[in-house]
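Raw contents of data_2.cif, mmCIF, C-alpha atoms:
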data_start
loop_
_atom_site.label_atom_id
_atom_site.label_comp_id
_atom_site.auth_asym_id
_atom_site.auth_seq_id
_atom_site.Cartn_x
_atom_site.Cartn_y
_atom_site.Cartn_z
CA PHE A 1 -4.66 2.99 0.81
CA VAL A 2 -7.40 5.19 2.29
CA CYS A 3 -11.11 4.38 2.20
CA CYS A 4 -13.72 7.02 3.03
CA GLN A 5 -16.99 5.18 3.63
CA GLY A 6 -19.94 6.57 1.71
CA SER A 7 -17.84 8.59 -0.73
CA PRO A 8 -17.25 7.68 -4.38
CA THR A 9 -13.79 7.11 -5.79
CA GLY A 10 -12.47 10.30 -7.37
CA SER A 11 -12.69 10.24 -11.14
CA CYS A 12 -12.09 12.40 -14.18
CA VAL A 13 -13.73 12.14 -17.60
CA VAL A 14 -11.49 13.54 -20.35
CA LEU A 15 -12.96 14.62 -23.68
CA SER A 16 -10.06 14.59 -26.10
CA GLY A 17 -9.81 15.59 -29.74
CA GLY A 18 -9.51 18.61 -31.96
CA GLU A 19 -7.41 19.28 -34.99
CA GLY A 20 -4.21 19.59 -33.00
CA LYS A 21 -4.96 16.40 -31.01
CA SER A 22 -4.21 18.29 -27.80
CA GLU A 23 -7.54 19.98 -27.14
CA ARG A 24 -9.25 18.54 -24.09
CA ALA A 25 -12.09 19.16 -21.66
CA PHE A 26 -12.29 17.71 -18.16
CA VAL A 27 -15.25 16.68 -16.03
CA THR A 28 -14.00 15.88 -12.54
CA CYS A 29 -15.52 14.38 -9.40
CA ALA A 30 -13.16 14.78 -6.43
CA GLY A 31 -15.00 12.05 -4.52
CA ALA A 32 -13.08 10.76 -1.51
CA SER A 33 -10.08 12.90 -2.46
CA GLY A 34 -12.13 15.95 -1.47
CA LEU A 35 -12.28 14.59 2.09
CA LEU A 36 -8.60 13.68 2.34
CA ALA A 37 -7.05 15.04 5.55
CA ALA A 38 -3.96 14.56 7.70
CA GLU A 39 -5.82 12.06 9.88
CA HIS A 40 -6.09 9.67 6.92
CA LEU A 41 -2.30 9.38 6.49
CA GLU A 42 -1.48 7.15 9.44
CA GLY A 43 -0.60 4.34 7.03
CA LEU A 44 1.94 6.64 5.37
CA ARG A 45 3.45 7.55 8.73
CA ALA A 46 3.74 3.88 9.64
CA ALA A 47 5.35 3.05 6.29
CA ILE A 48 8.02 5.70 6.83
CA ARG A 49 8.74 4.41 10.34
CA ARG A 50 9.47 0.92 9.02
CA GLY A 51 10.78 2.08 5.66
CA PRO A 52 14.12 1.53 3.95
CA ARG A 53 17.07 3.88 4.07
CA ARG A 54 15.67 5.94 1.21
CA VAL A 55 11.99 6.97 1.12
CA HIS A 56 10.20 9.16 -1.39
CA VAL A 57 6.63 10.43 -0.95
CA HIS A 58 4.75 11.94 -3.90
CA PHE A 59 1.54 13.95 -3.59
CA GLY A 60 -0.34 13.84 -6.89
CA GLY A 61 -3.62 15.54 -7.73
CA PHE A 62 -3.15 18.39 -5.24
CA TYR A 63 -6.07 20.19 -6.89
CA SER A 64 -8.54 17.59 -5.56
CA TYR A 65 -7.46 17.58 -1.91
CA GLY A 66 -9.88 18.54 0.85
CA PRO A 67 -8.56 19.63 4.27
CA LEU A 68 -5.13 18.17 3.40
CA ARG A 69 -4.51 21.10 1.05
CA ARG A 70 -4.15 23.47 4.03
CA GLN A 71 -2.62 20.83 6.30
CA LEU A 72 0.09 19.71 3.87
CA PRO A 73 2.91 22.05 5.04
CA ALA A 74 2.55 20.73 8.61
CA VAL A 75 2.22 17.14 7.34
CA LEU A 76 5.42 17.44 5.28
CA SER A 77 7.28 18.79 8.30
CA GLU A 78 5.91 15.96 10.46
CA LEU A 79 6.99 13.32 7.94
CA ARG A 80 10.55 14.67 8.02
CA ARG A 81 10.59 14.46 11.81
CA ILE A 82 9.35 10.87 11.67
CA ALA A 83 12.06 9.98 9.15
CA GLU A 84 14.76 11.55 11.30
CA THR A 85 13.69 9.73 14.47
CA SER A 86 13.16 6.41 12.65
CA GLY A 87 16.62 6.20 11.16
CA VAL A 88 15.54 6.75 7.56
CA GLY A 89 18.66 7.83 5.68
CA ARG A 90 16.83 10.28 3.45
CA LEU A 91 13.22 11.32 2.91
CA THR A 92 12.34 13.31 -0.20
CA THR A 93 8.95 14.68 -1.20
CA SER A 94 7.32 15.95 -4.38
CA VAL A 95 4.00 17.27 -5.66
CA ASP A 96 2.14 17.51 -8.97
CA PRO A 97 -0.81 19.95 -8.85
CA ASN A 98 -2.74 18.48 -11.82
CA ALA A 99 -4.54 21.83 -11.85
CA THR A 100 -6.44 23.58 -14.62
CA GLU A 101 -7.37 26.82 -12.82
CA VAL A 102 -5.79 29.19 -10.31
CA ALA A 103 -8.04 28.21 -7.38
CA GLN A 104 -6.78 24.64 -7.65
CA VAL A 105 -3.21 25.59 -6.66
CA ASP A 106 -4.36 27.70 -3.72
CA GLY A 107 -2.23 26.79 -0.70
CA LEU A 108 0.55 25.10 -2.63
CA ARG A 109 3.00 27.99 -2.26
CA ASP A 110 2.87 27.44 1.50
CA CYS A 111 4.40 24.00 0.90
CA LEU A 112 7.41 25.18 -1.14
CA VAL A 113 10.00 25.19 1.64
CA GLU A 114 8.96 21.69 2.75
CA LEU A 115 9.13 20.11 -0.73
CA ASP A 116 12.12 18.75 -2.62
CA LEU A 117 10.54 18.71 -6.09
CA ILE A 118 7.59 20.37 -7.82
CA LYS A 119 6.47 19.05 -11.19
CA GLY A 120 3.82 20.77 -13.27
CA ASN A 121 3.14 22.01 -16.76
CA LEU A 122 4.00 25.57 -17.76
CA SER A 123 0.44 26.74 -17.11
CA GLU A 124 0.55 25.37 -13.54
CA VAL A 125 3.89 27.07 -12.91
CA GLN A 126 2.37 30.35 -14.10
CA MET A 127 -0.60 29.91 -11.78
CA LEU A 128 1.64 28.97 -8.86
CA SER A 129 3.89 31.99 -9.40
CA GLY A 130 0.95 34.36 -9.87
CA ASP A 131 2.33 35.42 -13.26
CA GLU A 132 -0.08 35.00 -16.16
CA GLU A 133 2.45 36.19 -18.74
CA ASP A 134 3.47 33.70 -21.39
CA GLY A 135 6.67 33.16 -23.30
CA LYS A 136 10.07 31.53 -22.98
CA SER A 137 11.82 34.18 -20.89
CA GLN A 138 8.97 34.53 -18.42
CA GLY A 139 8.80 30.75 -18.10
CA ILE A 140 12.40 30.30 -16.97
CA ASP A 141 12.16 33.37 -14.74
CA MET A 142 9.16 31.84 -12.98
CA LEU A 143 11.00 28.58 -12.45
CA ARG A 144 13.97 30.42 -10.98
CA ALA A 145 11.76 32.38 -8.60
CA LEU A 146 9.93 29.28 -7.36
CA ALA A 147 13.19 27.34 -6.95
CA ARG A 148 14.70 30.23 -4.96
CA ASP A 149 11.62 30.68 -2.78
CA GLY A 150 11.35 27.00 -1.96
CA HIS A 151 15.03 25.98 -2.14
CA CYS A 152 13.74 23.08 -4.22
CA ALA A 153 13.73 21.65 -7.74
CA VAL A 154 11.03 22.81 -10.18
CA VAL A 155 10.20 21.05 -13.45
CA ALA A 156 7.76 22.50 -16.00
CA THR A 157 6.67 20.38 -18.95
CA CYS A 158 5.98 22.37 -22.12
CA GLY A 159 4.28 19.83 -24.38
CA ALA A 160 5.94 19.55 -27.79
CA LYS A 161 8.62 22.00 -26.62
CA GLY A 162 9.96 19.57 -24.04
CA ALA A 163 10.56 20.62 -20.44
CA ARG A 164 12.44 23.19 -18.41
CA TYR A 165 13.94 22.62 -15.00
CA CYS A 166 15.54 24.71 -12.30
CA SER A 167 16.97 23.85 -8.90
CA THR A 168 18.93 25.53 -6.13
CA ARG A 169 20.21 22.17 -4.93
CA GLY A 170 23.28 20.37 -6.21
CA GLY A 171 26.23 21.84 -8.02
CA ALA A 172 29.57 22.92 -6.67
CA GLY A 173 28.33 25.69 -4.39
CA VAL A 174 25.62 25.84 -1.75
CA GLY A 175 22.53 27.43 -3.24
CA GLU A 176 23.93 27.31 -6.75
CA MET A 177 21.22 27.53 -9.42
CA VAL A 178 21.12 24.58 -11.82
CA GLU A 179 18.81 24.98 -14.81
CA GLY A 180 18.27 23.67 -18.30
CA HIS A 181 15.93 22.60 -21.08
CA VAL A 182 15.28 19.15 -22.57
CA GLU A 183 13.86 18.80 -26.07
CA ALA A 184 10.85 16.58 -26.66
CA CYS A 185 10.96 13.57 -28.97
CA PRO A 186 8.89 14.50 -32.07
CA VAL A 187 6.61 11.45 -32.02
CA ASP A 188 3.43 11.10 -34.06
CA VAL A 189 0.83 12.28 -31.56
CA VAL A 190 -2.37 10.24 -31.32
CA ASP A 191 -3.66 11.53 -27.97
CA CYS A 192 -1.88 13.57 -25.33
CA THR A 193 -4.22 12.53 -22.50
CA GLY A 194 -2.14 11.26 -19.59
CA ALA A 195 1.16 12.59 -20.93
CA GLY A 196 1.68 14.69 -17.81
CA ASP A 197 1.16 11.71 -15.51
CA ALA A 198 3.48 9.54 -17.62
CA SER A 199 6.19 12.22 -17.58
CA CYS A 200 5.82 12.55 -13.82
CA ALA A 201 6.32 8.80 -13.40
CA GLY A 202 9.44 8.88 -15.56
CA LEU A 203 10.76 11.93 -13.73
CA LEU A 204 10.34 10.43 -10.27
CA ALA A 205 11.66 6.98 -11.20
CA SER A 206 14.88 8.49 -12.50
CA TRP A 207 15.20 11.29 -9.94
CA VAL A 208 14.88 8.95 -6.96
CA LEU A 209 17.12 6.25 -8.47
CA CYS A 210 19.81 8.77 -9.46
CA ASP A 211 19.70 10.59 -6.13
CA GLY A 212 18.52 13.93 -7.47
CA ALA A 213 20.26 14.03 -10.87
CA LEU A 214 17.74 16.41 -12.42
CA PRO A 215 18.90 16.67 -16.08
CA GLU A 216 18.73 12.90 -16.62
CA ALA A 217 15.40 12.68 -14.78
CA VAL A 218 13.85 15.40 -16.94
CA GLN A 219 15.09 13.63 -20.07
CA LEU A 220 13.33 10.45 -18.99
CA ALA A 221 10.21 12.47 -18.14
CA CYS A 222 10.04 13.95 -21.63
CA VAL A 223 10.43 10.58 -23.32
CA ALA A 224 7.83 8.90 -21.09
CA GLY A 225 5.37 11.68 -21.88
CA ALA A 226 6.08 11.39 -25.60
CA ALA A 227 5.64 7.60 -25.53
CA ASN A 228 2.27 8.05 -23.85
CA CYS A 229 1.09 10.29 -26.72
CA THR A 230 1.49 7.54 -29.31
CA SER A 231 -1.68 5.64 -28.31
CA LEU A 232 -5.31 6.54 -27.73
CA GLY A 233 -6.44 7.02 -24.15
CA GLY A 234 -4.58 8.06 -21.02
CA CYS A 235 -3.82 4.55 -19.80
CA SER A 236 -4.97 2.10 -22.47
CA VAL A 237 -1.35 1.15 -23.21
CA ALA A 238 1.15 1.10 -20.36
CA VAL A 239 4.25 3.26 -20.74
CA THR A 240 6.91 0.72 -19.80
CA ALA A 241 10.65 1.14 -19.49
CA THR A 242 10.98 -0.86 -22.71
CA ALA A 243 8.62 1.50 -24.55
CA VAL A 244 10.65 4.49 -23.38
CA HIS A 245 13.85 2.74 -24.46
CA ASP A 246 12.39 2.12 -27.94
CA VAL A 247 11.47 5.81 -28.37
CA LEU A 248 14.98 6.89 -27.36
CA GLN A 249 16.52 4.47 -29.83
CA ALA A 250 14.19 5.58 -32.62
CA TYR A 251 15.34 9.17 -32.23
CA SER A 252 19.01 8.35 -31.52
CA ARG A 253 18.86 9.78 -28.02
CA PRO A 254 21.28 8.61 -25.28
CA ILE A 255 19.98 5.93 -22.90
CA PRO A 256 19.99 7.19 -19.27
CA ALA A 257 21.63 4.94 -16.69
CA SER A 258 18.44 5.02 -14.62
CA LEU A 259 16.48 3.54 -17.55
CA VAL A 260 18.98 0.70 -17.89
CA TYR A 261 18.48 0.00 -14.19
CA LEU A 262 14.68 0.05 -14.54
CA MET A 263 14.86 -2.44 -17.40
CA GLY A 264 16.71 -4.85 -15.12
#
When written as structure tokens, how does the structure in this file appear?
Amino acid sequence: FVCCQGSPTGSCVVLSGGEGKSERAFVTCAGASGLLAAEHLEGLRAAIRRGPRRVHVHFGGFYSYGPLRRQLPAVLSELRRIAETSGVGRLTTSVDPNATEVAQVDGLRDCLVELDLIKGNLSEVQMLSGDEEDGKSQGIDMLRALARDGHCAVVATCGAKGARYCSTRGGAGVGEMVEGHVEACPVDVVDCTGAGDASCAGLLASWVLCDGALPEAVQLACVAGAANCTSLGGCSVAVTATAVHDVLQAYSRPIPASLVYLMG
């Protein structure tokens, strides 16, 4: 937890509505997030030093970062060194840009080789790749290019079309490309605010628990995002493991082993 004296907590007002129930406008105040720098992360460094055998660090809301945006490649490299010297069995890292315009992903490409996982929506992947073209073929091509450049896993959520993923890690051969698409559950959408955050939570919970099993993690991400869309407001109703389980059962989808674990 970081406190910047004299600065407000970062906040975002979301105006949601429209005929398709997916039209939104954002009014954002970066607040203390706009001051966030490497010097504020000593608590994170200490946590890794005393951490368990497996540690995962997620950087959400990249768009709002202040100096940390430019410092992040060096910070990621430093965290790996700390993990290695502290006896941590494995440290993995991920980022979600939460961006709505190109300037908000500025600097993120410099982090690619230090990251294990990048999660964004298709628009963010387009901005990150510098390709404003739309369409299915361009989408998977962009994921492949980012995965190759960063030697990492890339997941792009596509709303009602589910999610695409691509990774150069795993598989039988070193550097082998693993890719795929997961269909969304066709729930009755009330409000899609917060669906990206919910899908990110589902993705990371499964991906970390299953030691990088990307297809299962993306499946859980899609269902968590869909479950979030069934109520009004981004966080008025918590997306629990039980809620995700109920959606999977309703649409006769297989239950991932990671979800069974999360349900205890």
Give as a ChimeraX atom specification every residue, naming chains and numbers as the document does, that has an atom within 9 Å of (17.3, 27.8, -5.7), counting all atoms listed in the file. /A:144-153,166-169,175-178
Hey, can you check how far atom CA of Glu183 of chain A sits from atom CA of Ser236 of chain A?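 Atom-to-atom, atom CA of Glu183 of chain A and atom CA of Ser236 of chain A are spaced 25.4 Å apart.
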Judged by only C-alpha atoms, the minimum distance to Phe26 of chain A among A:Val13, A:Cys192, A:Gly180, A:Lys119 is found for A:Val13
Translate the PyMOL selection byres ((chain A and resi 40) around 10) into a concrete residue list for this structure, as a list in words.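 So the PyMOL selection byres ((chain A and resi 40) around 10), applied here, picks out Phe1, Val2, Cys3, Cys4, Leu35, Leu36, Ala37, Ala38, Glu39, Leu41, Glu42, Gly43, Leu44, Arg45 and Leu68 of chain A.
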Closest pair table for segment 50-100 of chain A residues within 12 Å of segment 212-221 of chain A, only C-alpha atoms, as a tab-separated table:
residue	atom	partner	partner_atom	distance
A:His56	CA	A:Gly212	CA	11.4
A:Arg90	CA	A:Gly212	CA	11.6
A:Leu91	CA	A:Gly212	CA	11.9
A:Thr92	CA	A:Gly212	CA	9.6
A:Thr93	CA	A:Gly212	CA	11.5
A:Ser94	CA	A:Gly212	CA	11.8
Would you work out the distance separating atom CA of Pro67 of chain A from atom CA of Val14 of chain A, expressed in Å to one decimal?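 Atom CA of Val14 of chain A lies at a distance of 25.5 Å from atom CA of Pro67 of chain A.
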Restricting the calculation to all atoms listed in the file: of A:Leu248, A:Val190, A:Val237, A:Ala201, which residue gets closest to Glu23 of chain A?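 For Glu23 of chain A, the nearest of the given residues is A:Val190.
Distance annotation: of A:Gly87, A:Pro73, A:Gly66, A:Gly233, the residue with the minimal separation from Leu112 of chain A is A:Pro73; atom set is only C-alpha atoms.
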Using the chain letters and numbers from this file, what does the PyMOL selection byres ((chain A and resi 182) around 6) select? Give the answer as a ChimeraX atom specification. /A:162-163,181,183
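As for atom CA of Gln104 of chain A and atom CA of Asn121 of chain A, they are spaced 13.7 Å apart.
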Residues matched by the PyMOL selection byres ((chain A and resi 194) around 9), written as a PyMOL selection string: chain A and resi 191-193+195-199+225+228-229+233-235
Let me make sure I understand: among A:Leu72, A:Val155, A:Leu15, A:Ala227, which one has the smallest atom-to-atom distance to Glu114 of chain A if we use all atoms listed in the file?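 Of A:Leu72, A:Val155, A:Leu15, A:Ala227, the one nearest Glu114 of chain A, counting all atoms listed in the file, is A:Leu72.
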Near Phe59 of chain A, within 7 Å and counting all atoms listed in the file, which residues show up once chain neighbours fewer than 3 positions away are dropped, as a list in words?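 The contact residues come out as Phe62, Ser94, Val95 and Asp96 of chain A.
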Which of A:Gly51, A:Gly264, A:Pro254, A:Gly61 sits closest to Glu84 of chain A [using all atoms listed in the file]: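 Result for the nearest residue to Glu84 of chain A: A:Gly51.
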Choose the residue, out of A:Cys111, A:Cys222, A:Tyr63, A:Leu128, that has the smallest atom-to-atom separation from Arg164 of chain A; count all atoms listed in the file. A:Cys222
For Gly34 of chain A, find every residue with an atom within 7 Å (counting only C-alpha atoms), except residues of its own chain fewer than 3 positions away, and show them as a PDB file with C-alpha atoms, in the coordinates of the input.
ATOM      1  CA  ALA A  30     -13.160  14.780  -6.430  1.00  0.00           C
ATOM      2  CA  GLY A  31     -15.000  12.050  -4.520  1.00  0.00           C
ATOM      3  CA  SER A  64      -8.540  17.590  -5.560  1.00  0.00           C
ATOM      4  CA  TYR A  65      -7.460  17.580  -1.910  1.00  0.00           C
ATOM      5  CA  GLY A  66      -9.880  18.540   0.850  1.00  0.00           C
TER       6      GLY A  66
END
For Met127 of chain A, find every residue with an atom within 12 Å (counting only C-alpha atoms), except residues of its own chain fewer than 4 positions away, and show them as a compact mmCIF listing (two decimals) with C-alpha atoms, keeping the file's coordinate frame.
# COMPACT_ATOMS: atom_id res chain seq x y z
CA PRO A 97 -0.81 19.95 -8.85
CA ASN A 98 -2.74 18.48 -11.82
CA ALA A 99 -4.54 21.83 -11.85
CA THR A 100 -6.44 23.58 -14.62
CA GLU A 101 -7.37 26.82 -12.82
CA VAL A 102 -5.79 29.19 -10.31
CA ALA A 103 -8.04 28.21 -7.38
CA GLN A 104 -6.78 24.64 -7.65
CA VAL A 105 -3.21 25.59 -6.66
CA ASP A 106 -4.36 27.70 -3.72
CA GLY A 107 -2.23 26.79 -0.70
CA LEU A 108 0.55 25.10 -2.63
CA ARG A 109 3.00 27.99 -2.26
CA GLY A 120 3.82 20.77 -13.27
CA ASN A 121 3.14 22.01 -16.76
CA LEU A 122 4.00 25.57 -17.76
CA SER A 123 0.44 26.74 -17.11
CA ASP A 131 2.33 35.42 -13.26
CA GLU A 132 -0.08 35.00 -16.16
CA GLU A 133 2.45 36.19 -18.74
CA ASP A 134 3.47 33.70 -21.39
CA GLY A 139 8.80 30.75 -18.10
CA MET A 142 9.16 31.84 -12.98
CA LEU A 143 11.00 28.58 -12.45
CA LEU A 146 9.93 29.28 -7.36
CA ALA A 156 7.76 22.50 -16.00
Need the neighbours of (19.9, 4.9, -8.0): which residues are at most 12 Å away, counting only C-alpha atoms, as number ranges by chain? A: 54, 204-213, 216-217, 256-262
Would you export the selected residues with C-alpha atoms as a CSV table (one decimal), in the frame of the given file, please?
chain,number,residue,atom,x,y,z
A,54,ARG,CA,15.7,5.9,1.2
A,204,LEU,CA,10.3,10.4,-10.3
A,205,ALA,CA,11.7,7.0,-11.2
A,206,SER,CA,14.9,8.5,-12.5
A,207,TRP,CA,15.2,11.3,-9.9
A,208,VAL,CA,14.9,9.0,-7.0
A,209,LEU,CA,17.1,6.2,-8.5
A,210,CYS,CA,19.8,8.8,-9.5
A,211,ASP,CA,19.7,10.6,-6.1
A,212,GLY,CA,18.5,13.9,-7.5
A,213,ALA,CA,20.3,14.0,-10.9
A,216,GLU,CA,18.7,12.9,-16.6
A,217,ALA,CA,15.4,12.7,-14.8
A,256,PRO,CA,20.0,7.2,-19.3
A,257,ALA,CA,21.6,4.9,-16.7
A,258,SER,CA,18.4,5.0,-14.6
A,259,LEU,CA,16.5,3.5,-17.6
A,260,VAL,CA,19.0,0.7,-17.9
A,261,TYR,CA,18.5,0.0,-14.2
A,262,LEU,CA,14.7,0.0,-14.5
Your completed segment 249-264 of chain A with N, CA, C and O atoms, as a CSV table (one decimal), keeping the file's coordinate frame:
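Final output, selection_16.csv:
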chain,number,residue,atom,x,y,z
A,249,GLN,N,15.8,5.1,-28.7
A,249,GLN,CA,16.5,4.5,-29.8
A,249,GLN,C,16.1,5.0,-31.2
A,249,GLN,O,16.9,5.3,-32.1
A,250,ALA,N,14.7,5.1,-31.3
A,250,ALA,CA,14.2,5.6,-32.6
A,250,ALA,C,14.7,7.0,-33.0
A,250,ALA,O,14.8,7.3,-34.2
A,251,TYR,N,14.9,7.8,-32.0
A,251,TYR,CA,15.3,9.2,-32.2
A,251,TYR,C,16.8,9.4,-31.9
A,251,TYR,O,17.3,10.5,-31.7
A,252,SER,N,17.6,8.3,-31.8
A,252,SER,CA,19.0,8.4,-31.5
A,252,SER,C,19.4,9.2,-30.3
A,252,SER,O,20.3,10.0,-30.4
A,253,ARG,N,18.6,9.1,-29.3
A,253,ARG,CA,18.9,9.8,-28.0
A,253,ARG,C,19.7,8.9,-27.1
A,253,ARG,O,19.5,7.6,-27.1
A,254,PRO,N,20.5,9.4,-26.2
A,254,PRO,CA,21.3,8.6,-25.3
A,254,PRO,C,20.4,7.9,-24.3
A,254,PRO,O,19.3,8.4,-23.9
A,255,ILE,N,20.8,6.7,-23.8
A,255,ILE,CA,20.0,5.9,-22.9
A,255,ILE,C,20.5,6.3,-21.5
A,255,ILE,O,21.6,6.0,-21.1
A,256,PRO,N,19.6,6.8,-20.6
A,256,PRO,CA,20.0,7.2,-19.3
A,256,PRO,C,20.3,5.9,-18.5
A,256,PRO,O,19.7,4.9,-18.6
A,257,ALA,N,21.3,6.1,-17.6
A,257,ALA,CA,21.6,4.9,-16.7
A,257,ALA,C,20.4,4.5,-15.9
A,257,ALA,O,20.3,3.3,-15.6
A,258,SER,N,19.6,5.4,-15.4
A,258,SER,CA,18.4,5.0,-14.6
A,258,SER,C,17.5,4.1,-15.4
A,258,SER,O,16.8,3.2,-14.9
A,259,LEU,N,17.4,4.4,-16.7
A,259,LEU,CA,16.5,3.5,-17.6
A,259,LEU,C,17.0,2.1,-17.7
A,259,LEU,O,16.3,1.1,-17.6
A,260,VAL,N,18.3,2.0,-17.8
A,260,VAL,CA,19.0,0.7,-17.9
A,260,VAL,C,18.7,-0.1,-16.6
A,260,VAL,O,18.4,-1.3,-16.6
A,261,TYR,N,18.8,0.6,-15.5
A,261,TYR,CA,18.5,0.0,-14.2
A,261,TYR,C,17.0,-0.5,-14.1
A,261,TYR,O,16.7,-1.6,-13.7
A,262,LEU,N,16.1,0.4,-14.6
A,262,LEU,CA,14.7,0.0,-14.5
A,262,LEU,C,14.4,-1.2,-15.4
A,262,LEU,O,13.4,-1.9,-15.1
A,263,MET,N,15.1,-1.3,-16.5
A,263,MET,CA,14.9,-2.4,-17.4
A,263,MET,C,15.4,-3.7,-16.9
A,263,MET,O,15.2,-4.8,-17.4
A,264,GLY,N,16.2,-3.6,-15.8
A,264,GLY,CA,16.7,-4.8,-15.1
A,264,GLY,C,17.9,-5.4,-15.8
A,264,GLY,O,18.3,-6.6,-15.7
